[in-house]
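Raw my_file_37.pdb, PDB, C-alpha atoms:
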ATOM      1  CA  MET P  35      -1.163 -10.455  28.635  1.00  0.00           C
ATOM      2  CA  GLN P  36      -4.908  -9.818  28.684  1.00  0.00           C
ATOM      3  CA  LYS P  37      -6.468  -9.446  25.244  1.00  0.00           C
ATOM      4  CA  ASP P  38      -9.892  -8.977  23.655  1.00  0.00           C
ATOM      5  CA  ALA P  39      -9.023 -10.203  20.149  1.00  0.00           C
ATOM      6  CA  THR P  40      -6.185 -11.779  18.194  1.00  0.00           C
ATOM      7  CA  LEU P  41      -5.039 -11.102  14.651  1.00  0.00           C
ATOM      8  CA  ASP P  42      -2.863 -13.871  13.267  1.00  0.00           C
ATOM      9  CA  ALA P  43      -0.552 -12.387  10.625  1.00  0.00           C
ATOM     10  CA  LYS P  44       2.000 -15.209  10.729  1.00  0.00           C
ATOM     11  CA  GLY P  45       3.507 -15.950   7.325  1.00  0.00           C
ATOM     12  CA  LEU P  46       2.552 -12.526   5.967  1.00  0.00           C
ATOM     13  CA  MET P  47       5.207 -10.030   4.893  1.00  0.00           C
ATOM     14  CA  CYS P  48       5.211  -6.247   4.765  1.00  0.00           C
ATOM     15  CA  PRO P  49       2.828  -4.517   4.191  1.00  0.00           C
ATOM     16  CA  MET P  50       0.142  -7.137   4.852  1.00  0.00           C
ATOM     17  CA  PRO P  51       0.401  -7.318   8.681  1.00  0.00           C
ATOM     18  CA  ILE P  52      -0.022  -3.513   8.822  1.00  0.00           C
ATOM     19  CA  VAL P  53      -2.824  -3.451   6.232  1.00  0.00           C
ATOM     20  CA  GLN P  54      -4.720  -6.182   8.092  1.00  0.00           C
ATOM     21  CA  LEU P  55      -4.026  -4.507  11.426  1.00  0.00           C
ATOM     22  CA  ALA P  56      -5.565  -1.251  10.168  1.00  0.00           C
ATOM     23  CA  LYS P  57      -8.694  -3.179   9.108  1.00  0.00           C
ATOM     24  CA  LYS P  58      -8.928  -5.137  12.337  1.00  0.00           C
ATOM     25  CA  VAL P  59      -8.753  -2.169  14.726  1.00  0.00           C
ATOM     26  CA  LYS P  60     -11.874  -0.744  13.077  1.00  0.00           C
ATOM     27  CA  GLU P  61     -13.824  -3.732  14.403  1.00  0.00           C
ATOM     28  CA  LEU P  62     -12.710  -3.075  17.986  1.00  0.00           C
ATOM     29  CA  LYS P  63     -13.829  -0.615  20.630  1.00  0.00           C
ATOM     30  CA  SER P  64     -11.757   1.992  22.406  1.00  0.00           C
ATOM     31  CA  GLY P  65      -9.791   0.541  25.306  1.00  0.00           C
ATOM     32  CA  GLN P  66      -9.833  -3.034  23.977  1.00  0.00           C
ATOM     33  CA  VAL P  67      -6.520  -4.820  23.553  1.00  0.00           C
ATOM     34  CA  LEU P  68      -5.637  -6.542  20.295  1.00  0.00           C
ATOM     35  CA  GLU P  69      -2.990  -9.213  20.130  1.00  0.00           C
ATOM     36  CA  LEU P  70      -1.111  -9.258  16.812  1.00  0.00           C
ATOM     37  CA  LEU P  71       0.965 -12.297  15.920  1.00  0.00           C
ATOM     38  CA  ALA P  72       3.599 -11.726  13.230  1.00  0.00           C
ATOM     39  CA  ASP P  73       6.817 -13.354  12.111  1.00  0.00           C
ATOM     40  CA  ASP P  74       7.938 -10.779   9.545  1.00  0.00           C
ATOM     41  CA  VAL P  75      11.192  -9.321  10.940  1.00  0.00           C
ATOM     42  CA  GLY P  76      10.106  -5.928   9.591  1.00  0.00           C
ATOM     43  CA  ALA P  77       7.073  -5.962  11.907  1.00  0.00           C
ATOM     44  CA  LYS P  78       9.369  -5.371  14.880  1.00  0.00           C
ATOM     45  CA  GLU P  79       9.878  -1.772  13.723  1.00  0.00           C
ATOM     46  CA  ASP P  80       6.737  -1.345  11.614  1.00  0.00           C
ATOM     47  CA  VAL P  81       4.144  -2.075  14.298  1.00  0.00           C
ATOM     48  CA  PRO P  82       5.547   0.506  16.777  1.00  0.00           C
ATOM     49  CA  ALA P  83       5.795   3.017  13.869  1.00  0.00           C
ATOM     50  CA  TRP P  84       2.169   2.332  12.914  1.00  0.00           C
ATOM     51  CA  CYS P  85       1.084   2.776  16.543  1.00  0.00           C
ATOM     52  CA  SER P  86       2.900   6.086  16.956  1.00  0.00           C
ATOM     53  CA  ARG P  87       1.341   7.402  13.737  1.00  0.00           C
ATOM     54  CA  THR P  88      -2.206   6.217  14.407  1.00  0.00           C
ATOM     55  CA  GLY P  89      -2.328   6.952  18.131  1.00  0.00           C
ATOM     56  CA  HIS P  90      -3.134   3.391  19.203  1.00  0.00           C
ATOM     57  CA  GLN P  91      -1.029   2.409  22.192  1.00  0.00           C
ATOM     58  CA  LEU P  92       1.516  -0.391  22.049  1.00  0.00           C
ATOM     59  CA  VAL P  93       1.235  -1.796  25.561  1.00  0.00           C
ATOM     60  CA  GLY P  94       3.506  -4.796  25.168  1.00  0.00           C
ATOM     61  CA  VAL P  95       5.769  -6.782  22.859  1.00  0.00           C
ATOM     62  CA  GLU P  96       6.832 -10.365  23.415  1.00  0.00           C
ATOM     63  CA  GLU P  97       9.294 -12.356  21.334  1.00  0.00           C
ATOM     64  CA  GLU P  98       9.127 -16.118  21.154  1.00  0.00           C
ATOM     65  CA  GLY P  99      11.849 -17.293  18.799  1.00  0.00           C
ATOM     66  CA  LYS P 100      10.906 -15.816  15.416  1.00  0.00           C
ATOM     67  CA  LEU P 101       7.391 -14.914  16.525  1.00  0.00           C
ATOM     68  CA  PHE P 102       6.449 -11.437  17.713  1.00  0.00           C
ATOM     69  CA  LYS P 103       3.380 -10.827  19.864  1.00  0.00           C
ATOM     70  CA  PHE P 104       2.254  -7.227  19.925  1.00  0.00           C
ATOM     71  CA  TYR P 105      -0.393  -5.947  22.306  1.00  0.00           C
ATOM     72  CA  ILE P 106      -2.167  -2.866  21.064  1.00  0.00           C
ATOM     73  CA  LYS P 107      -4.667  -0.858  23.087  1.00  0.00           C
ATOM     74  CA  ILE P 108      -7.252   0.755  20.835  1.00  0.00           C
ATOM     75  CA  LYS P 109      -7.504   4.524  21.223  1.00  0.00           C
TER      76      LYS P 109
ATOM     77  CA  MET T  34      -1.665  12.763  12.908  1.00  0.00           C
ATOM     78  CA  ALA T  35      -2.652  12.004   9.330  1.00  0.00           C
ATOM     79  CA  LYS T  36      -0.249  13.135   6.637  1.00  0.00           C
ATOM     80  CA  LYS T  37      -0.658  13.712   2.942  1.00  0.00           C
ATOM     81  CA  VAL T  38       1.557  11.587   0.689  1.00  0.00           C
ATOM     82  CA  CYS T  39       1.988  11.991  -3.084  1.00  0.00           C
ATOM     83  CA  MET T  40       3.757   9.673  -5.497  1.00  0.00           C
ATOM     84  CA  VAL T  41       4.752   9.934  -9.137  1.00  0.00           C
ATOM     85  CA  VAL T  42       5.058   6.710 -11.140  1.00  0.00           C
ATOM     86  CA  SER T  43       6.701   6.984 -14.554  1.00  0.00           C
ATOM     87  CA  GLU T  44       7.526   3.347 -15.344  1.00  0.00           C
ATOM     88  CA  GLY T  45       5.193   0.459 -16.077  1.00  0.00           C
ATOM     89  CA  THR T  46       7.179  -2.611 -15.075  1.00  0.00           C
ATOM     90  CA  PHE T  47       6.167  -5.056 -12.349  1.00  0.00           C
ATOM     91  CA  ASP T  48       8.614  -3.678  -9.766  1.00  0.00           C
ATOM     92  CA  LYS T  49       7.653  -0.052 -10.434  1.00  0.00           C
ATOM     93  CA  ALA T  50       3.986  -1.077 -10.308  1.00  0.00           C
ATOM     94  CA  TYR T  51       4.090  -2.832  -6.949  1.00  0.00           C
ATOM     95  CA  MET T  52       6.445  -0.579  -5.021  1.00  0.00           C
ATOM     96  CA  PRO T  53       4.179   2.498  -4.985  1.00  0.00           C
ATOM     97  CA  LEU T  54       1.110   0.348  -4.253  1.00  0.00           C
ATOM     98  CA  ILE T  55       2.784  -1.262  -1.260  1.00  0.00           C
ATOM     99  CA  MET T  56       3.904   2.163  -0.006  1.00  0.00           C
ATOM    100  CA  ALA T  57       0.448   3.602  -0.688  1.00  0.00           C
ATOM    101  CA  ASN T  58      -1.392   0.789   1.070  1.00  0.00           C
ATOM    102  CA  THR T  59       0.903   1.069   4.075  1.00  0.00           C
ATOM    103  CA  ALA T  60       0.482   4.848   4.230  1.00  0.00           C
ATOM    104  CA  ALA T  61      -3.299   4.526   3.903  1.00  0.00           C
ATOM    105  CA  ALA T  62      -3.282   1.876   6.645  1.00  0.00           C
ATOM    106  CA  MET T  63      -1.500   4.443   8.834  1.00  0.00           C
ATOM    107  CA  GLY T  64      -4.346   6.849   8.187  1.00  0.00           C
ATOM    108  CA  ASP T  65      -2.593   8.961   5.548  1.00  0.00           C
ATOM    109  CA  GLU T  66      -4.218  10.563   2.530  1.00  0.00           C
ATOM    110  CA  VAL T  67      -2.484   9.150  -0.561  1.00  0.00           C
ATOM    111  CA  HIS T  68      -2.365  10.401  -4.155  1.00  0.00           C
ATOM    112  CA  ILE T  69      -0.576   8.529  -6.965  1.00  0.00           C
ATOM    113  CA  PHE T  70       0.060  10.254 -10.277  1.00  0.00           C
ATOM    114  CA  TYR T  71       0.805   7.931 -13.214  1.00  0.00           C
ATOM    115  CA  THR T  72       2.711   9.361 -16.150  1.00  0.00           C
ATOM    116  CA  PHE T  73       4.619   8.095 -19.240  1.00  0.00           C
ATOM    117  CA  PHE T  74       4.937   4.280 -19.044  1.00  0.00           C
ATOM    118  CA  GLY T  75       3.116   4.393 -15.733  1.00  0.00           C
ATOM    119  CA  THR T  76      -0.215   5.359 -17.331  1.00  0.00           C
ATOM    120  CA  LYS T  77      -0.677   1.768 -18.559  1.00  0.00           C
ATOM    121  CA  LEU T  78      -0.785   0.669 -14.908  1.00  0.00           C
ATOM    122  CA  VAL T  79      -4.136   2.343 -14.302  1.00  0.00           C
ATOM    123  CA  THR T  80      -5.864   0.788 -17.308  1.00  0.00           C
ATOM    124  CA  LYS T  81      -8.218  -2.197 -17.207  1.00  0.00           C
ATOM    125  CA  LYS T  82      -5.725  -4.276 -19.226  1.00  0.00           C
ATOM    126  CA  ALA T  83      -2.792  -3.631 -16.874  1.00  0.00           C
ATOM    127  CA  ASN T  84      -0.642  -6.713 -16.422  1.00  0.00           C
ATOM    128  CA  PRO T  85       2.865  -5.531 -15.550  1.00  0.00           C
ATOM    129  CA  LYS T  86       5.893  -7.734 -16.161  1.00  0.00           C
ATOM    130  CA  LEU T  87       9.417  -7.529 -14.775  1.00  0.00           C
ATOM    131  CA  PRO T  88      11.803  -5.525 -16.997  1.00  0.00           C
ATOM    132  CA  GLY T  89      13.920  -7.008 -19.795  1.00  0.00           C
ATOM    133  CA  MET T  90      14.918 -10.643 -19.572  1.00  0.00           C
ATOM    134  CA  PHE T  91      13.471 -10.846 -16.083  1.00  0.00           C
ATOM    135  CA  ARG T  92       9.973 -10.686 -17.573  1.00  0.00           C
ATOM    136  CA  LEU T  93      10.171 -14.468 -17.830  1.00  0.00           C
ATOM    137  CA  PHE T  94      10.307 -14.680 -14.043  1.00  0.00           C
ATOM    138  CA  THR T  95       7.250 -12.518 -13.388  1.00  0.00           C
ATOM    139  CA  GLY T  96       5.060 -15.519 -12.597  1.00  0.00           C
ATOM    140  CA  MET T  97       7.601 -16.850 -10.148  1.00  0.00           C
ATOM    141  CA  PHE T  98       7.783 -13.480  -8.359  1.00  0.00           C
ATOM    142  CA  GLN T  99       3.998 -13.382  -8.252  1.00  0.00           C
ATOM    143  CA  LYS T 100       3.883 -16.823  -6.691  1.00  0.00           C
ATOM    144  CA  LYS T 101       6.425 -15.885  -4.016  1.00  0.00           C
ATOM    145  CA  MET T 102       4.479 -12.724  -3.217  1.00  0.00           C
ATOM    146  CA  LYS T 103       1.215 -14.656  -2.993  1.00  0.00           C
ATOM    147  CA  ALA T 104       2.849 -16.956  -0.428  1.00  0.00           C
ATOM    148  CA  VAL T 105       3.462 -13.973   1.888  1.00  0.00           C
ATOM    149  CA  GLY T 106      -0.042 -12.554   1.478  1.00  0.00           C
ATOM    150  CA  ILE T 107       0.419 -10.058  -1.370  1.00  0.00           C
ATOM    151  CA  GLY T 108      -2.223 -10.485  -4.077  1.00  0.00           C
ATOM    152  CA  ASN T 109      -1.852 -10.178  -7.840  1.00  0.00           C
ATOM    153  CA  TYR T 110      -1.602  -6.725  -9.403  1.00  0.00           C
ATOM    154  CA  MET T 111      -5.325  -6.040  -9.771  1.00  0.00           C
ATOM    155  CA  GLU T 112      -6.072  -7.360  -6.274  1.00  0.00           C
ATOM    156  CA  THR T 113      -3.427  -4.993  -4.884  1.00  0.00           C
ATOM    157  CA  VAL T 114      -4.936  -2.077  -6.840  1.00  0.00           C
ATOM    158  CA  GLN T 115      -8.362  -2.993  -5.456  1.00  0.00           C
ATOM    159  CA  GLN T 116      -6.949  -3.106  -1.934  1.00  0.00           C
ATOM    160  CA  ALA T 117      -5.550   0.403  -2.463  1.00  0.00           C
ATOM    161  CA  ARG T 118      -8.958   1.606  -3.637  1.00  0.00           C
ATOM    162  CA  ASP T 119     -10.641   0.022  -0.614  1.00  0.00           C
ATOM    163  CA  LEU T 120      -8.153   1.900   1.576  1.00  0.00           C
ATOM    164  CA  GLY T 121      -9.093   5.163  -0.137  1.00  0.00           C
ATOM    165  CA  VAL T 122      -5.939   5.711  -2.236  1.00  0.00           C
ATOM    166  CA  ASN T 123      -6.481   8.262  -5.045  1.00  0.00           C
ATOM    167  CA  PHE T 124      -5.282   7.401  -8.556  1.00  0.00           C
ATOM    168  CA  TYR T 125      -4.539   9.900 -11.302  1.00  0.00           C
ATOM    169  CA  ALA T 126      -3.499   9.556 -14.944  1.00  0.00           C
ATOM    170  CA  CYS T 127      -1.460  12.283 -16.612  1.00  0.00           C
ATOM    171  CA  THR T 128      -3.508  13.854 -19.371  1.00  0.00           C
ATOM    172  CA  THR T 129      -0.644  14.535 -21.830  1.00  0.00           C
ATOM    173  CA  THR T 130       1.077  11.161 -21.622  1.00  0.00           C
ATOM    174  CA  MET T 131      -2.244   9.327 -21.957  1.00  0.00           C
ATOM    175  CA  GLY T 132      -2.219  10.623 -25.534  1.00  0.00           C
ATOM    176  CA  LEU T 133       1.409   9.588 -26.023  1.00  0.00           C
ATOM    177  CA  MET T 134       0.823   6.112 -24.620  1.00  0.00           C
ATOM    178  CA  GLY T 135      -2.421   5.604 -26.532  1.00  0.00           C
ATOM    179  CA  VAL T 136      -4.516   5.353 -23.369  1.00  0.00           C
ATOM    180  CA  LYS T 137      -8.117   6.500 -23.741  1.00  0.00           C
ATOM    181  CA  GLU T 138     -10.356   7.692 -20.911  1.00  0.00           C
ATOM    182  CA  SER T 139     -12.528   4.598 -21.389  1.00  0.00           C
ATOM    183  CA  ASP T 140      -9.446   2.367 -20.884  1.00  0.00           C
ATOM    184  CA  LEU T 141      -8.874   3.679 -17.371  1.00  0.00           C
ATOM    185  CA  LEU T 142      -9.874   1.745 -14.281  1.00  0.00           C
ATOM    186  CA  PRO T 143     -13.006   3.128 -12.638  1.00  0.00           C
ATOM    187  CA  GLY T 144     -12.258   5.940 -10.220  1.00  0.00           C
ATOM    188  CA  VAL T 145      -8.995   7.025 -11.899  1.00  0.00           C
ATOM    189  CA  LYS T 146      -9.051  10.785 -12.367  1.00  0.00           C
ATOM    190  CA  ILE T 147      -7.330  12.543 -15.261  1.00  0.00           C
ATOM    191  CA  LEU T 148      -5.048  15.327 -14.124  1.00  0.00           C
ATOM    192  CA  GLY T 149      -2.647  17.852 -15.615  1.00  0.00           C
ATOM    193  CA  ALA T 150       0.741  18.758 -14.175  1.00  0.00           C
ATOM    194  CA  ALA T 151      -0.545  21.949 -12.537  1.00  0.00           C
ATOM    195  CA  SER T 152      -3.218  20.111 -10.551  1.00  0.00           C
ATOM    196  CA  PHE T 153      -0.786  17.427  -9.492  1.00  0.00           C
ATOM    197  CA  LEU T 154       1.787  20.024  -8.428  1.00  0.00           C
ATOM    198  CA  LYS T 155      -0.901  21.691  -6.350  1.00  0.00           C
ATOM    199  CA  LEU T 156      -1.517  18.368  -4.585  1.00  0.00           C
ATOM    200  CA  ALA T 157       2.236  17.760  -4.236  1.00  0.00           C
ATOM    201  CA  THR T 158       3.144  21.183  -2.858  1.00  0.00           C
ATOM    202  CA  GLU T 159       0.341  20.880  -0.301  1.00  0.00           C
ATOM    203  CA  SER T 160       1.464  17.417   0.780  1.00  0.00           C
ATOM    204  CA  ASP T 161       3.933  16.339   3.457  1.00  0.00           C
ATOM    205  CA  THR T 162       6.040  14.221   1.138  1.00  0.00           C
ATOM    206  CA  THR T 163       6.278  13.285  -2.540  1.00  0.00           C
ATOM    207  CA  LEU T 164       7.981  10.110  -3.679  1.00  0.00           C
ATOM    208  CA  PHE T 165       9.146   9.633  -7.253  1.00  0.00           C
ATOM    209  CA  ILE T 166       9.072   6.065  -8.521  1.00  0.00           C
ATOM    210  CA  GLY T 167      10.977   6.222 -11.797  1.00  0.00           C
TER     211      GLY T 167
END

Please express the file's structure as structure tokens.
Amino acid sequence: MQKDATLDAKGLMCPMPIVQLAKKVKELKSGQVLELLADDVGAKEDVPAWCSRTGHQLVGVEEEGKLFKFYIKIK
Amino acid sequence: MAKKVCMVVSEGTFDKAYMPLIMANTAAAMGDEVHIFYTFFGTKLVTKKANPKLPGMFRLFTGMFQKKMKAVGIGNYMETVQQARDLGVNFYACTTTMGLMGVKESDLLPGVKILGAASFLKLATESDTTLFIG
């Protein structure tokens, strides 16, 4: 999937992927797509929850073994 | 849409110290306004000397817990407090129990406001949820 930036949160557990994600989106412009890499099982539910609360759009999720790749379009 | 979240922390052990901070930092990262009210044994957690340990016999394992948390990206207690402050979390110490616990205003971490029950209840009744960490 096309992306403008990547945030590598592999190895981090809740709440750090979400905390870092919130920081990272501030650096990006509206319409850009951020790729978030995470291997915390909790991220599978937490990232969509964060997106629905913040209004950023989750445009794709890919699973590769234990790794999740989230694609988030900045509002 | 942003929500308003309040928490009450009445214990001062490692687990009761981290849990509200993790919740608070997550809520703040979701764009929520967060208020944490520290009372009774919790008031020690917002002092400059705060260094919470696990309860009872488990206190001996605090360092081990800390190490495991560090490995998954969660900093030590003061680093986590600082992260909360950077995210805009509001900290309050309960005026009455500060006296009981021997906590002076000058002992408090910078930015911690002193509040009475009425002011906290005003915040709580105007908020979307209040969590009690006891």

Discussion item. For the ChimeraX specification (/P :<8) & /T, applied here, can you spell out every residue it catches as a list of chain:residue names?
Written reply: T:Met34, T:Ala35, T:Ile55, T:Met56, T:Asn58, T:Thr59, T:Ala62, T:Met63, T:Gly64, T:Ala104, T:Val105, T:Gly106, T:Ile107

Six-sided padding of 3 Å per side, axis-aligned box over region 44-57 of chain P, centre and edges in Å, one decimal, as JSON:
{"center_x": -1.7, "center_y": -8.6, "center_z": 7.8, "size_x": 19.9, "size_y": 20.7, "size_z": 13.2}

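Coordinates place CA of Ile69 (chain T) at a distance of 5.1 Å from CA of Phe124 (chain T).
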
Could you tell me which residues the PyMOL selection byres ((chain T and resi 46) around 6) returns for this structure, as a PDB file with C-alpha atoms, in the frame of the given file?
ATOM      1  CA  GLU T  44       7.526   3.347 -15.344  1.00  0.00           C
ATOM      2  CA  GLY T  45       5.193   0.459 -16.077  1.00  0.00           C
ATOM      3  CA  PHE T  47       6.167  -5.056 -12.349  1.00  0.00           C
ATOM      4  CA  ASP T  48       8.614  -3.678  -9.766  1.00  0.00           C
ATOM      5  CA  LYS T  49       7.653  -0.052 -10.434  1.00  0.00           C
ATOM      6  CA  ALA T  50       3.986  -1.077 -10.308  1.00  0.00           C
ATOM      7  CA  PRO T  85       2.865  -5.531 -15.550  1.00  0.00           C
ATOM      8  CA  LYS T  86       5.893  -7.734 -16.161  1.00  0.00           C
ATOM      9  CA  LEU T  87       9.417  -7.529 -14.775  1.00  0.00           C
ATOM     10  CA  PRO T  88      11.803  -5.525 -16.997  1.00  0.00           C
TER      11      PRO T  88
END

Practice prompt. Run through the PyMOL selection byres ((chain T and resi 145-151) around 8) on the given coordinates and return the selected residues as a VMD selection string.
Written response: chain T and resid 79 123 to 129 141 to 144 152 to 155

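Going from CA of Thr162 (chain T) over to CA of Lys58 (chain P), you cover 26.9 Å.
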
Worksheet item: Could you work out how far CA of Lys37 (chain T) lies from CA of Gly65 (chain P), giving the answer in Å with one decimal?
Response: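 It comes out at 27.5 Å.
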
Worksheet entry | Residue contacts of Val67 (chain P) (6 Å, all atoms listed in the file) excluding same-chain residues fewer than 5 positions away, as an MDAnalysis selection string | chainID P and resid 37:38 106:107

Fill in: Residues near Leu70 (chain P), cut-off 6 Å, only C-alpha atoms, skip fewer than 4 positions along chain, as an NGL selection string
:P and (40-41 or 103-104)
